[in-house]
Amino acid sequence: MQSQTRERKLALSERILLHVDKPARYIGNEINSVIKDPAKVAIRFVMCFPDVYEIGMSHLGIQILYDMFNKREDVWCERVYSPWPDLHQILKEQQIPLFSLESQEPVKNADFLGITLQYEMCYTNVLQILDLSRIPLLAKDRNENHPLVIGGGPCAYNPEPLADFFDLFYIGEGETQYHALFDLYQKIKISGGSRETFLHEAAKIPGIYVPSLYETKYRTDGTIESFSPLFADIPVRIEKQAVTDLTDAVYPEKPLVPFIKVTQDRVVLEIQRGCIRGCRFCQAGMIYRPTREKNVDRLKELAKQMLKATGQEEISLSSLSSSDYSSLKELVTFLIDEFQGKGVNISLPSLRIDSFSLDVMEKVQDVRKSSITFAPEAGSQRMRNVINKGLTEESILEGAGLAFDSGWNKVKLYFMLGLPTETTEDMQAIPRLANEIAVRYYEIPKDKRNGKCQITISTSFFVPKPFTPFQWAKMYPPKEYISRAKIVNDAVKEQLNRKSLKYNWHEADVTVIEGILARGDRRVGAVIQKVYETGGIFDAWTEYFSYDRWMEAFRHCGIDPDFYTMRQRDAEEIFPWDFIDAGVTKQFLRREWDNAMNGSVTPNCRMQCQGCGIKKFGTGICVI
Amino acid sequence: MKIRIKFRKYGMMKFIGHLDIMRYFQKAMRRADIAICYSAGFSPHQIMSFAAPLGVGITSDGEYFDIEVQQTLPPAEAMRALNDTMADGIEVTDYVILPDNASNAMSIVAAADYDISFLEDRKPPASLEQFQQGLDLFFHRPKEVLITKQTKKSERTIDLKKLVYEIRAEEINGNISFYMMLSTGSSDNLKPELVLQSLFSSMELVFDEDDLKIHRRDVYADGGGRWIPLGEFYG
């Protein structure tokens with residue numbers, strides 16, 4: 001800000017900055033970024049999102065923790081994102097150590113390097129960050145001079161593929177235990193304790209997992225025989241952490257404002273955490289339980305503060321299923337009344353299409369340009385029952401019909417292929433459903449409708465994730481996925497309204513790798529390292545991902561990728577992530593797996609408690 | 001009500017391009033509670049127009065844009081509100097309430113002047129005397145100085161004599177520095193790099209833009225025989 005006249009020295013020279021794509025990725029200085037006097041803080045924390053700046057800056061979790069950490073006087077939390085390949089090469093060639101954005105000092109000088117793990121395909125970027133920071137890739141090679149590398153986020157629910165690279169993991173929501181961790185760090189630092197002592201003591205804090213203090217034994221068939229702590233005073237199970245009161249939980253009133261356009265270039269208002277629906281493929285729906293709402297008055301206050309502090313021209317609601325938020329009407333009405341006249345756009349993702357949401361959407365967006373979105377996830381009712389997606393064809397057609405009557409003519413539909421028990425008929429039902437929607441559109445008299453309609457079908461391939469009822473499921477080889485997409489594509493061509501249908505499908509190769517990393521064990525770490533060492537970074541980006549490089553790394557490490565993807569696991573199998581207590585019990589998940597196999601639907605949390613185990617947190621939907 | 005805002009761009013903000021600076025100021029208007037007017041429609045935008053885009057890597061003491069507001073605080077207070085919310089490297093230096101019939105900044109831009117020097121770690125490829133001599137031969141003596149200007153789509157020949165209003169090489173604090181006043185605006189926009197590159201090639205010197213530090217002093221309107229900074233010219 002103005003008062004601060006001392007000009008920061010940038011880590012990169014002008015020459016470099018003027019030659020890399022988007023230098024603003026590397027200079028920091030954003031509105032609401034925090035500069036502290038290094039002499040006056042005890043703990044330097046560098047928070048990393050291991051992808052490019054524009055993606056990382058769009059992530060809400062980091063903004064929350066950045067704000068929370070910096071509210072502590074003794075901590076300075078800074079940020080770092082993955083240098084784009086152009087800068088990656090320069091940093092390597094010119095031997096410039098990776099630096100944090102705020103101080104522009106080497107990441108290696110920090111006390112902690114926190115890395116959020118939001119998707120599996122960023123794992124090679126984790127190694128890129130460590131490598132460019134000149135921190136040994138393997139935790140066992142680090143010493144007192146290196147930062148403590150801590151991982152968190154949804155992928156930390158199966159930390160095992162990354163276990164060798166991290167000193168510790170934080171399992172669950174960051175708002176709860178970081179204070180305890182920082183206090184412990186200070187205490188041990190002052191008393192002159194070692195890194196080893198700190199890690200040992202940290203492992204006793206609820207939610208903290210120190211992989212080096214545990215050992216895995218395998219059976220001859222490759223499955224896990226046992227997983228246990230190496231010391232008697234180290235907990236056997238790690239309990240996930242969850243905020244009890246979301247209303248009072250810390251939330252950034254002054255979020256960072258990037259200079260360049262980022263993916264999520266708006267104020268984000270988290271209205272609730274968790275989801276009552278219980279879709280059986282959805283990891284977020286399980287690990288963020290119990291569903292907790294933020295009080296509507298607090299949200300109104302936050303919206304005002306955040307818009308004022310950022311000057312953003314758009315505000316977006318965030319949750320897994322906004323329509324389930326109990327005060328949605330009140331909140332949305334408030335946002336429209338209060339801000340729409342001031343040039344602020346209101347964006348409403350993940351809304352169920354009904355008369356209320358359409359009414360709101362008409363007010364906040366241009367009907368002619370926008371589209372309405374449904375995520376039936378599966379084409380047939382049978383398949384939707386298997387995945388427990390409580391969306392019926394009737395309600396989709398009704399919602400689409402309402403939207404068409406109000407002037408919309410574009411619909412987006414999202415589905416998954418490769419779900420457990422899927423048959424050719426289930427696949428063919430996808431274009432049939434899309435066709436029915438088009439039929440509904442053309443029922444409107446010609447003079448009352450707005451030209452042709454446009455129905456876009458997108459399919460992704462299903463990846464089984466830990467802590468979901470589908471964690472036992474098998475996957476398929478890339479060829480099989482593509483042939484399923486072809487079945488859908490052929491069926492699209494057979495539809496009466498095929499000219500109004502458009503079909504996109506995902507790549508299959510990356511799906512398989514994602515599946516291996518999602519349910520992998522400690523042995524997979526060597527493969528990730530090999531991929532990085534042979535040039536793999538930005539695997540989440542199609543243009544950089546190489547399936548062959550991954551396959552070559554598996555061969556090199558002598559690890560069979562099919563072990564992780566092609567087996568349907570036994571009910572008794574010990575999973576690499578079983579030592580984590582996510583609140584939702586394995587018994588519940590298995591019951592849901594059985595229900596899926598029987599095609600029976602489970603009521604949502606609001607209708608009836610299913611005894612998933614999360615009730616012990618004593619909050620949210622469980623106590624209403 | 002029309003307002004003309006003048007600002008400085010310095011330090012690391014020179015790495016932020018023109019479009020992002022526009023977005024930056026749109027947000028700054030909201031943070032500072034400036035009662036800016038919006039266009040109608042589903043995606044309303046602020047009534048704001050910039051005078052002369054500044055290239056990435058160039059610093060400036062004289063950037064301008066006009067806005068339209070419903071009402072305003074006294075200029076000193078509005079300026080303070082804006083400066084309270086500026087990032088390091090941007091400073092609002094003037095806030096002028098324009099007469100209602102004032103033409104907008106973009107339409108009256110006619111010239112801009114620049115200082116160009118070599119980066120601290122770069123040795124100039126010639127001495128001051130050599131540059132002065134070079135300028136004499138390249139620019140001052142000839143009747144016309146034709147160079148090729150390449151744009152995204154085409155290339156055309158322009159006469160620097162008509163577009164360079166002033167140019168000299170001098171020594172400032174022991175460093176060689178060029179000063180130039182150039183035609184600026186939508187029709188005959190001339191970039192300082194291009195002028196210097198032409199000079200260098202006439203002297204058979206290797207030109208590397210990376211060696212240079214470019215600073216814009218101000219942007220001017222044509223006041224009939226003299227250049228008047230945009231902040232003082234309301235047309």
# chains A, B, ... in the order shown; residues from 1 in each chain; ligands from 1
$ residues_around --residues "Cys155 (chain A)" --least-positions-apart "5" --cutoff "9 Å" --atoms "only C-alpha atoms" --output "list in words"
Thr116, Leu117, Gln118, Tyr119, Glu120 and Ala518 of chain A
$ write_last_selection --atoms "C-alpha atoms" --output "mmCIF file, in the first residue's frame"
data_model
loop_
_atom_site.group_PDB
_atom_site.id
_atom_site.type_symbol
_atom_site.label_atom_id
_atom_site.label_comp_id
_atom_site.auth_asym_id
_atom_site.auth_seq_id
_atom_site.Cartn_x
_atom_site.Cartn_y
_atom_site.Cartn_z
ATOM 1 C CA THR A 116 -2.642 -27.917 -1.164
ATOM 2 C CA LEU A 117 -3.556 -31.098 -3.013
ATOM 3 C CA GLN A 118 -6.741 -30.471 -4.941
ATOM 4 C CA TYR A 119 -6.357 -33.005 -7.756
ATOM 5 C CA GLU A 120 -4.105 -35.965 -8.394
ATOM 6 C CA ALA A 518 -6.198 -41.594 -6.261
#
$ interface_residues --of "chain B" --to "chain A" --cutoff "7 Å" --atoms "only C-alpha atoms" --output "ChimeraX atom specification"
/B:15-16,20,24,27-28,30-31,38,42,44,57,83-84,86-88,210
$ select_by_dssp --residues "region 97-200 of chain A" --states "helix (DSSP H, G or I)" --output "ChimeraX atom specification"
/A:107-109,120-133,139-141,154-157,160-165,178-190,195-200
$ residues_around --residues "Phe404 (chain A)" --least-positions-apart "2" --cutoff "10 Å" --atoms "only C-alpha atoms" --output "list of chain:residue names"
A:Val367, A:Ile372, A:Glu398, A:Gly399, A:Ala400, A:Gly401, A:Leu402, A:Ser406, A:Gly407, A:Trp408, A:Asn409, A:Lys410, A:Val411, A:Ile437, A:Ala438, A:Arg440, A:Tyr441, A:Tyr442, A:Ile444, A:Lys448, A:Arg449, A:Asn450, A:Cys453
$ residues_around --residues "Val439 (chain A)" --least-positions-apart "5" --cutoff "9 Å" --atoms "only C-alpha atoms" --output "PyMOL selection string"
chain A and resi 434+496-497
$ residues_around --residues "Lys162 (chain B)" --least-positions-apart "3" --cutoff "9 Å" --atoms "only C-alpha atoms" --output "number ranges by chain"
B: 144-145, 158-159, 165, 183
$ residues_around --residues "Val250 (chain A)" --least-positions-apart "6" --cutoff "8 Å" --atoms "only C-alpha atoms" --output "PyMOL selection string"
chain A and resi 64+68+175
$ write_last_selection --atoms "C-alpha atoms" --output "PDB file, in the first residue's frame"
ATOM      1  CA  ILE A  64      -9.004 -18.646   3.940  1.00  0.00           C
ATOM      2  CA  MET A  68      -6.140 -16.872   9.080  1.00  0.00           C
ATOM      3  CA  GLU A 175      -9.260 -23.777  10.258  1.00  0.00           C
TER       4      GLU A 175
END
$ residues_around --residues "region 84-90 of chain A" --least-positions-apart "6" --cutoff "9 Å" --atoms "only C-alpha atoms" --output "JSON, numbers by chain"
{"A": [16, 20, 21, 51, 52, 53, 96, 128, 132, 537, 538]}
$ write_last_selection --atoms "C-alpha atoms" --output "CSV table (one decimal), in the first residue's frame"
chain,number,residue,atom,x,y,z
A,16,ILE,CA,13.5,-12.4,-17.4
A,20,VAL,CA,8.1,-14.8,-19.8
A,21,ASP,CA,4.5,-15.1,-20.4
A,51,ASP,CA,-0.5,-25.2,-10.6
A,52,VAL,CA,-0.2,-22.0,-12.6
A,53,TYR,CA,-1.0,-18.7,-10.9
A,96,ILE,CA,17.6,-19.3,-9.6
A,128,GLN,CA,8.6,-29.4,-9.4
A,132,LEU,CA,13.0,-25.6,-7.9
A,537,ILE,CA,5.2,-31.4,-15.1
A,538,PHE,CA,1.7,-29.8,-15.5
$ closest_residue --among "B:Tyr95, B:Phe178, B:Tyr234, B:Phe207" --to "Ile34 (chain B)" --atoms "only C-alpha atoms"
B:Tyr95
$ atom_distance --atom1 "CA of Glu129 (chain B)" --atom2 "CA of Glu209 (chain B)"
21.2 Å
$ select_by_dssp --residues "region 92-185 of chain B" --states "strand (DSSP E or B)" --output "MDAnalysis selection string"
chainID B and resid 92:97 109:118 146:150 155:159 164:172 175:183
$ closest_residue --among "B:Lys2, B:Arg156, B:Lys143, B:His18" --to "Asp100 (chain B)" --atoms "only C-alpha atoms"
B:Lys2
$ atom_distance --atom1 "CA of Tyr214 (chain A)" --atom2 "CA of Phe231 (chain A)"
8.2 Å
$ atom_distance --atom1 "CA of Arg142 (chain A)" --atom2 "CA of Ala156 (chain A)"
20.8 Å
$ decode --residues "region 279-292 of chain A" --atoms "all heavy atoms" --output "tab-separated table (two decimals), in the first residue's frame"
chain	number	residue	atom	x	y	z
A	279	CYS	N	-24.28	-38.70	-3.17
A	279	CYS	CA	-23.99	-39.36	-4.44
A	279	CYS	C	-22.80	-40.30	-4.22
A	279	CYS	O	-21.81	-39.92	-3.60
A	279	CYS	CB	-23.65	-38.34	-5.52
A	279	CYS	SG	-25.01	-37.22	-5.86
A	280	ARG	N	-22.91	-41.51	-4.75
A	280	ARG	CA	-21.95	-42.55	-4.34
A	280	ARG	C	-20.59	-42.45	-5.00
A	280	ARG	O	-19.64	-43.11	-4.59
A	280	ARG	CB	-22.57	-43.94	-4.59
A	280	ARG	CG	-23.74	-44.18	-3.65
A	280	ARG	CD	-24.47	-45.48	-3.92
A	280	ARG	NE	-25.59	-45.59	-2.98
A	280	ARG	CZ	-26.81	-45.96	-3.31
A	280	ARG	NH1	-27.08	-46.29	-4.56
A	280	ARG	NH2	-27.76	-46.01	-2.40
A	281	PHE	N	-20.47	-41.64	-6.02
A	281	PHE	CA	-19.18	-41.46	-6.68
A	281	PHE	C	-18.43	-40.26	-6.11
A	281	PHE	O	-17.26	-40.06	-6.38
A	281	PHE	CB	-19.40	-41.21	-8.18
A	281	PHE	CG	-20.33	-40.05	-8.45
A	281	PHE	CD1	-19.84	-38.74	-8.47
A	281	PHE	CD2	-21.69	-40.26	-8.62
A	281	PHE	CE1	-20.71	-37.67	-8.67
A	281	PHE	CE2	-22.55	-39.18	-8.82
A	281	PHE	CZ	-22.05	-37.89	-8.84
A	282	CYS	N	-19.12	-39.45	-5.31
A	282	CYS	CA	-18.60	-38.11	-5.01
A	282	CYS	C	-17.79	-38.09	-3.71
A	282	CYS	O	-18.33	-38.31	-2.62
A	282	CYS	CB	-19.76	-37.12	-4.93
A	282	CYS	SG	-19.22	-35.45	-4.53
A	283	GLN	N	-16.50	-37.78	-3.83
A	283	GLN	CA	-15.65	-37.73	-2.66
A	283	GLN	C	-15.96	-36.52	-1.80
A	283	GLN	O	-16.03	-36.60	-0.58
A	283	GLN	CB	-14.18	-37.72	-3.07
A	283	GLN	CG	-13.26	-37.92	-1.86
A	283	GLN	CD	-11.80	-37.71	-2.19
A	283	GLN	OE1	-11.43	-36.82	-2.96
A	283	GLN	NE2	-10.94	-38.54	-1.62
A	284	ALA	N	-16.17	-35.37	-2.44
A	284	ALA	CA	-16.45	-34.15	-1.68
A	284	ALA	C	-17.69	-34.33	-0.81
A	284	ALA	O	-17.75	-33.88	0.33
A	284	ALA	CB	-16.64	-32.97	-2.63
A	285	GLY	N	-18.69	-35.04	-1.37
A	285	GLY	CA	-19.93	-35.26	-0.65
A	285	GLY	C	-19.75	-36.11	0.60
A	285	GLY	O	-20.61	-36.11	1.49
A	286	MET	N	-18.66	-36.86	0.68
A	286	MET	CA	-18.39	-37.68	1.85
A	286	MET	C	-17.41	-37.00	2.81
A	286	MET	O	-17.66	-36.94	4.01
A	286	MET	CB	-17.81	-39.05	1.42
A	286	MET	CG	-18.79	-39.88	0.61
A	286	MET	SD	-20.23	-40.42	1.61
A	286	MET	CE	-21.44	-40.70	0.32
A	287	ILE	N	-16.30	-36.49	2.27
A	287	ILE	CA	-15.27	-35.99	3.19
A	287	ILE	C	-15.61	-34.63	3.81
A	287	ILE	O	-15.05	-34.27	4.83
A	287	ILE	CB	-13.86	-35.93	2.52
A	287	ILE	CG1	-13.84	-34.95	1.35
A	287	ILE	CG2	-13.39	-37.31	2.12
A	287	ILE	CD1	-12.46	-34.77	0.73
A	288	TYR	N	-16.52	-33.87	3.17
A	288	TYR	CA	-16.87	-32.58	3.78
A	288	TYR	C	-18.11	-32.68	4.67
A	288	TYR	O	-18.67	-31.67	5.07
A	288	TYR	CB	-17.06	-31.50	2.69
A	288	TYR	CG	-15.76	-31.14	2.01
A	288	TYR	CD1	-15.55	-31.42	0.67
A	288	TYR	CD2	-14.74	-30.53	2.74
A	288	TYR	CE1	-14.34	-31.09	0.06
A	288	TYR	CE2	-13.53	-30.20	2.13
A	288	TYR	CZ	-13.33	-30.49	0.80
A	288	TYR	OH	-12.15	-30.17	0.19
A	289	ARG	N	-18.54	-33.89	4.96
A	289	ARG	CA	-19.65	-34.03	5.91
A	289	ARG	C	-19.21	-33.56	7.29
A	289	ARG	O	-18.04	-33.64	7.60
A	289	ARG	CB	-20.09	-35.50	5.97
A	289	ARG	CG	-20.87	-35.91	4.74
A	289	ARG	CD	-21.35	-37.34	4.85
A	289	ARG	NE	-22.14	-37.64	3.65
A	289	ARG	CZ	-23.18	-38.46	3.63
A	289	ARG	NH1	-23.57	-39.06	4.74
A	289	ARG	NH2	-23.85	-38.68	2.51
A	290	PRO	N	-20.06	-33.16	8.19
A	290	PRO	CA	-21.49	-32.97	7.96
A	290	PRO	C	-21.78	-31.65	7.24
A	290	PRO	O	-20.97	-30.73	7.31
A	290	PRO	CB	-22.05	-32.93	9.39
A	290	PRO	CG	-20.93	-32.37	10.20
A	290	PRO	CD	-19.67	-32.88	9.58
A	291	THR	N	-22.94	-31.60	6.60
A	291	THR	CA	-23.35	-30.38	5.94
A	291	THR	C	-23.57	-29.28	6.98
A	291	THR	O	-24.30	-29.49	7.95
A	291	THR	CB	-24.66	-30.61	5.16
A	291	THR	OG1	-24.45	-31.72	4.30
A	291	THR	CG2	-25.04	-29.38	4.35
A	292	ARG	N	-22.87	-28.17	6.78
A	292	ARG	CA	-22.99	-27.05	7.73
A	292	ARG	C	-23.27	-25.77	6.96
A	292	ARG	O	-22.65	-25.52	5.94
A	292	ARG	CB	-21.68	-26.89	8.52
A	292	ARG	CG	-21.38	-28.01	9.49
A	292	ARG	CD	-19.89	-28.26	9.60
A	292	ARG	NE	-19.36	-28.85	8.38
A	292	ARG	CZ	-18.07	-28.90	8.07
A	292	ARG	NH1	-17.17	-28.38	8.87
A	292	ARG	NH2	-17.66	-29.47	6.94
